[in-house]
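Peer 1: Below is the file coords11.txt, with compact mmCIF, C-alpha atoms.
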# COMPACT_ATOMS: atom_id res chain seq x y z
CA GLY A 44 204.40 74.19 41.68
CA GLY A 45 201.57 76.66 42.20
CA GLY A 46 199.01 73.88 42.38
CA GLY A 47 201.10 71.97 44.88
CA GLY A 48 201.53 75.08 47.00
CA GLY A 49 197.78 75.70 46.91
CA HIS A 50 197.02 72.13 47.96
CA HIS A 51 199.60 72.43 50.71
CA ALA A 52 198.09 75.68 51.99
CA ALA A 53 194.60 74.15 51.89
CA GLY A 54 195.85 71.12 53.82
CA ILE A 55 197.44 73.32 56.48
CA PHE A 56 194.26 75.38 56.81
CA THR A 57 192.13 72.22 57.11
CA PHE A 58 194.43 70.76 59.76
CA ALA A 59 194.45 74.03 61.70
CA PHE A 60 190.66 74.25 61.63
CA VAL A 61 190.08 70.62 62.66
CA ALA A 62 192.79 70.66 65.33
CA SER A 63 191.52 73.93 66.81
CA ALA A 64 187.98 72.58 66.92
CA LEU A 65 189.18 69.41 68.67
CA VAL A 66 191.15 71.46 71.19
CA LEU A 67 188.11 73.60 72.01
CA VAL A 68 185.83 70.57 72.32
CA CYS A 69 188.27 68.70 74.59
CA VAL A 70 188.85 71.74 76.81
CA LEU A 71 185.13 72.47 77.13
CA ARG A 72 184.42 68.80 77.90
CA ALA A 73 187.14 68.69 80.57
CA LEU A 74 185.97 71.98 82.06
CA ASN A 75 182.38 70.76 82.21
CA TYR A 76 183.49 67.46 83.80
CA PHE A 77 185.90 68.78 86.44
CA SER A 78 184.42 72.16 87.30
CA ALA A 79 181.83 72.54 90.04
CA ARG A 80 178.68 74.43 89.19
CA THR A 81 179.30 76.82 92.06
CA ASN A 82 182.55 78.10 90.53
CA PRO A 83 182.33 81.71 89.36
CA LEU A 84 182.33 82.46 85.64
CA SER A 85 185.63 84.34 85.99
CA VAL A 86 187.34 81.21 87.35
CA LYS A 87 185.96 79.03 84.56
CA THR A 88 187.04 81.59 81.96
CA GLN A 89 190.62 81.70 83.21
CA VAL A 90 190.84 77.90 83.42
CA PHE A 91 189.44 77.69 79.89
CA LEU A 92 192.07 80.13 78.59
CA SER A 93 194.89 78.37 80.44
CA TRP A 94 193.99 74.92 79.18
CA THR A 95 193.33 76.15 75.64
CA LEU A 96 196.68 77.94 75.40
CA SER A 97 198.52 74.91 76.79
CA VAL A 98 196.84 72.34 74.54
CA SER A 99 197.11 74.63 71.49
CA ILE A 100 200.82 73.76 71.35
CA LEU A 101 199.73 70.39 69.97
CA THR A 102 198.25 72.33 67.06
CA LEU A 103 201.04 74.87 66.58
CA VAL A 104 203.92 72.38 66.50
CA PRO A 105 202.63 70.33 63.50
CA LEU A 106 201.71 73.57 61.71
CA ASP A 107 205.18 75.00 62.29
CA VAL A 108 206.87 71.77 61.18
CA GLY A 109 204.70 71.50 58.07
CA TYR A 110 205.37 75.11 57.15
CA SER A 111 209.13 74.71 57.69
CA LEU A 112 209.30 71.61 55.51
CA ASN A 113 207.29 73.08 52.63
CA ARG A 114 207.98 76.80 52.74
CA THR A 115 209.15 78.69 49.66
CA ASN A 116 210.70 82.08 49.08
CA ASP A 117 207.30 83.50 48.14
CA ASP A 118 205.60 82.72 51.46
CA GLU A 119 208.65 83.27 53.65
CA GLY A 120 207.50 86.68 54.82
CA GLY A 121 203.76 86.39 55.41
CA ASN A 122 203.58 82.84 56.78
CA GLY A 123 206.73 83.30 58.81
CA ARG A 124 205.31 86.40 60.48
CA THR A 125 202.01 84.61 61.06
CA MET A 126 203.67 81.65 62.78
CA GLY A 127 205.85 83.99 64.82
CA ALA A 128 202.80 85.99 65.90
CA MET A 129 200.95 82.81 66.89
CA TRP A 130 203.86 81.53 68.94
CA GLY A 131 204.34 84.95 70.52
CA LEU A 132 200.67 85.23 71.42
CA THR A 133 200.66 81.76 72.97
CA TYR A 134 203.88 82.32 74.90
CA TRP A 135 203.17 85.77 76.34
CA SER A 136 199.54 84.98 77.13
CA THR A 137 200.65 81.88 79.04
CA PHE A 138 203.43 83.86 80.70
CA PHE A 139 201.10 86.55 82.09
CA LEU A 140 198.51 83.98 83.11
CA THR A 141 201.15 81.93 84.96
CA TRP A 142 202.95 84.72 86.78
CA VAL A 143 200.41 87.53 87.14
CA ILE A 144 196.74 86.82 86.51
CA LEU A 145 196.22 83.30 87.88
CA PRO A 146 198.22 83.73 91.12
CA LEU A 147 196.43 86.99 91.92
CA HIS A 148 193.01 85.53 91.16
CA GLN A 149 193.73 82.35 93.11
CA ILE A 150 194.61 84.22 96.31
CA TYR A 151 191.68 86.57 95.71
CA GLU A 152 189.23 83.65 95.58
CA ASP A 153 190.81 81.89 98.58
CA SER A 154 190.92 85.06 100.69
CA GLY A 155 188.61 85.25 103.67
CA ASP A 156 188.21 89.02 103.49
CA PHE A 157 184.76 90.54 103.02
CA THR A 158 185.36 93.44 100.66
CA PHE A 159 186.73 93.63 97.13
CA ALA A 160 189.54 96.04 98.14
CA SER A 161 190.70 93.92 101.08
CA ARG A 162 190.72 90.74 99.00
CA CYS A 163 192.76 92.46 96.29
CA SER A 164 195.16 93.76 98.96
CA THR A 165 195.60 90.25 100.36
CA ALA A 166 196.24 88.82 96.89
CA LEU A 167 198.84 91.49 96.11
CA ARG A 168 200.57 91.13 99.47
CA GLU A 169 200.91 87.34 99.37
CA ASN A 170 202.08 87.32 95.76
CA MET A 171 204.62 90.07 96.45
CA ILE A 172 206.05 87.96 99.27
CA PHE A 173 206.35 84.98 96.90
CA TYR A 174 207.97 87.08 94.16
CA LEU A 175 210.42 88.73 96.59
CA VAL A 176 211.49 85.34 97.95
CA LEU A 177 211.89 83.98 94.41
CA VAL A 178 213.87 87.02 93.22
CA GLY A 179 216.03 86.83 96.35
CA ILE A 180 216.90 83.19 95.65
CA LEU A 181 217.75 84.05 92.03
CA CYS A 182 219.92 86.97 93.11
CA ILE A 183 221.78 84.82 95.64
CA GLY A 184 222.42 82.20 92.95
CA ALA A 185 223.59 84.81 90.44
CA THR A 186 225.84 86.48 93.04
CA GLY A 187 227.43 83.17 93.92
CA LEU A 188 228.10 82.32 90.29
CA LEU A 189 229.55 85.79 89.66
CA PHE A 190 231.78 85.51 92.72
CA PHE A 191 233.21 82.14 91.67
CA GLY A 192 233.69 83.29 88.08
CA SER A 193 231.18 80.87 86.57
CA LEU A 194 229.05 83.75 85.35
CA ASP A 195 229.68 87.24 84.01
CA ALA A 196 227.47 90.25 83.36
CA SER A 197 227.12 89.46 79.65
CA SER A 198 225.65 86.01 80.32
CA LEU A 199 223.00 87.04 82.85
CA SER A 200 220.32 86.69 80.18
CA ALA A 201 221.42 83.10 79.57
CA TYR A 202 221.24 82.53 83.33
CA GLY A 203 217.63 83.73 83.30
CA ILE A 204 216.76 81.41 80.43
CA VAL A 205 218.35 78.45 82.21
CA VAL A 206 216.46 79.21 85.43
CA ALA A 207 213.16 79.55 83.55
CA ASN A 208 213.73 76.25 81.74
CA ALA A 209 214.71 74.56 85.01
CA TRP A 210 211.49 75.80 86.60
CA GLY A 211 209.38 74.45 83.74
CA ILE A 212 211.19 71.11 83.60
CA SER A 213 210.93 70.66 87.39
CA THR A 214 207.21 71.40 87.32
CA GLY A 215 206.70 68.98 84.43
CA ILE A 216 208.64 66.23 86.21
CA LEU A 217 206.57 66.79 89.36
CA LEU A 218 203.27 66.50 87.47
CA VAL A 219 204.41 63.51 85.43
CA GLY A 220 205.73 61.84 88.58
CA TYR A 221 202.34 62.25 90.25
CA GLY A 222 200.64 60.64 87.25
CA LEU A 223 203.17 57.81 87.12
CA VAL A 224 202.49 57.01 90.78
CA GLU A 225 198.80 57.79 91.23
CA VAL A 226 197.42 56.16 88.07
CA PRO A 227 199.08 52.74 88.62
CA ARG A 228 198.12 52.92 92.30
CA ALA A 229 194.46 53.49 91.42
CA LEU A 230 194.53 50.63 88.89
CA TYR A 231 196.20 48.38 91.46
CA LYS A 232 193.52 49.11 94.05
CA ARG A 233 190.74 48.44 91.57
CA SER A 234 192.16 44.99 90.85
CA PHE A 235 191.01 43.76 94.29
CA LEU A 236 187.39 42.75 93.80
CA ASP A 237 186.75 42.16 97.51
CA ASP A 238 187.50 45.80 98.32
CA ARG A 239 185.04 47.22 95.78
CA PRO A 240 181.99 47.02 98.11
CA THR A 241 183.89 48.95 100.78
CA ARG A 242 184.82 51.69 98.32
CA ALA A 243 181.22 51.75 97.09
CA TYR A 244 179.94 52.19 100.66
CA LYS A 245 182.30 55.13 101.11
CA ARG A 246 181.01 56.74 97.91
CA VAL A 247 177.42 56.15 99.06
CA ALA A 248 178.16 57.87 102.36
CA HIS A 249 179.66 60.85 100.53
CA VAL A 250 176.68 61.08 98.18
CA SER A 251 174.30 60.77 101.15
CA ARG A 252 175.96 63.74 102.87
CA SER A 253 175.76 65.74 99.66
CA LEU A 254 172.07 64.85 99.33
CA GLN A 255 171.42 65.93 102.91
CA GLU A 256 173.17 69.25 102.30
CA ALA A 257 171.13 69.74 99.13
CA HIS A 258 167.89 69.12 101.08
CA GLU A 259 168.96 71.67 103.70
CA ASP A 260 169.72 74.23 101.00
CA LEU A 261 166.34 73.53 99.39
CA LYS A 262 164.58 74.07 102.73
CA LYS A 263 166.34 77.42 103.15
CA VAL A 264 165.37 78.50 99.63
CA CYS A 265 161.75 77.44 100.13
CA LYS A 266 161.62 79.30 103.42
CA ALA A 267 163.07 82.42 101.80
CA VAL A 268 160.56 82.21 98.95
Give the structure from this file in structure tokens form.

Peer 2:
Amino acid sequence: GGGGGGHHAAGIFTFAFVASALVLVCVLRALNYFSARTNPLSVKTQVFLSWTLSVSILTLVPLDVGYSLNRTNDDEGGNGRTMGAMWGLTYWSTFFLTWVILPLHQIYEDSGDFTFASRCSTALRENMIFYLVLVGILCIGATGLLFFGSLDASSLSAYGIVVANAWGISTGILLVGYGLVEVPRALYKRSFLDDRPTRAYKRVAHVSRSLQEAHEDLKKVCKAV
């Protein structure tokens, strides 16, 4: 029994190490592929954290299932607390990134203001408007359900959970729907061989403009030097 438990623990540790390494490699590769070099380090760091926390669920779920299937009374306390802490860290980190940090930073980067204070003020103001509209919609829905007797004060927490799940499911359906439409459309367009030269000419024109802009930037730098 002890030997089996030791082998099981070693297997879980090996899986966790390999899966975590794969997650980090995939996230870094995707970030290097999709991110422009001109993006600030703060933006790349937040995208890295967001993607890592999201993809880490693929590591936590097998670990949790493996622990649940093979747990014993001896490791109930320590391993259970460890898994709970890992899930809690992933959930609350993703929560604050989704609702606080990323929205504020996004508006801050997109703001056309010239000073740090004014850009922060714009980010706070636009996010407060979004949050107030969202809370207003939730309050109207809760008031309507309370008025018609479909909801009472003791089940408001359940109402919040349902709304949060509905938000996540709707967002997932939207993203999956985009993939289900855009990917087949791209494959369908690539099946027409006669149209490939036209698409190549368009890409050449885009690269030519980028090359011209790079030459202009190089001239400015050389002149400054």

Peer 1: Write out as a PyMOL selection string each polymer residue whose atoms come within 7 Å of Ala166 in chain A, counting all atoms listed in the file; drop sequence neighbours fewer than 5 positions from it.

Peer 2: chain A and resi 147+150-151

Peer 1: Between CA of Phe139 in chain A and CA of Val176 in chain A, what is the distance in Å, rounded to a tenth?

Peer 2: 19.0 Å

Peer 1: At a cut-off of 9 Å, using all atoms listed in the file, what residues contact Gln89 in chain A? Leave out same-chain residues fewer than 3 positions from it and give the result as a list in words.

Peer 2: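 Near Gln89 in chain A, the qualifying residues are Leu84, Ser85, Val86, Leu92, Ser93, Trp94, Leu140, Ile144 and Leu145 of chain A.
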
Peer 1: Can you tell me how far CA of Ser193 in chain A sits from CA of Ile212 in chain A, in Å to one decimal?

Peer 2: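 Distance between the two atoms: 22.4 Å.
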
Peer 1: Determine, counting all atoms listed in the file, which protein, DNA and RNA residues have an atom within 10 Å of an atom of range 198-206 of chain A; residues of the same chain fewer than 2 positions away are not included. Present the result as a list in words.

Peer 2: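 Listing them by chain and then by number gives Leu181, Gly184, Ala185, Leu188, Leu189, Ser193, Leu194, Asp195, Ala196, Asn208, Ala209, Trp210, Gly211 and Ile212 of chain A.
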
Peer 1: Which value, in Å to one decimal, gives the distance between CA of Lys263 in chain A and CA of Asp153 in chain A?

Peer 2: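 Between CA of Lys263 in chain A and CA of Asp153 in chain A the gap is 25.3 Å.
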
Peer 1: Taking into account only C-alpha atoms, which residue in the set A:Lys232, A:Gly220, A:Gln255, A:Pro83 is nearest to Glu152 in chain A?

Peer 2: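 For Glu152 in chain A, the nearest of the given residues is A:Pro83.
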
Peer 1: Which one of A:Met126, A:Val226, A:Leu67, A:Ile172 sits closest to Val98 in chain A if you count only C-alpha atoms?

Peer 2: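 Between A:Met126, A:Val226, A:Leu67, A:Ile172, the residue approaching Val98 in chain A most closely is A:Leu67.
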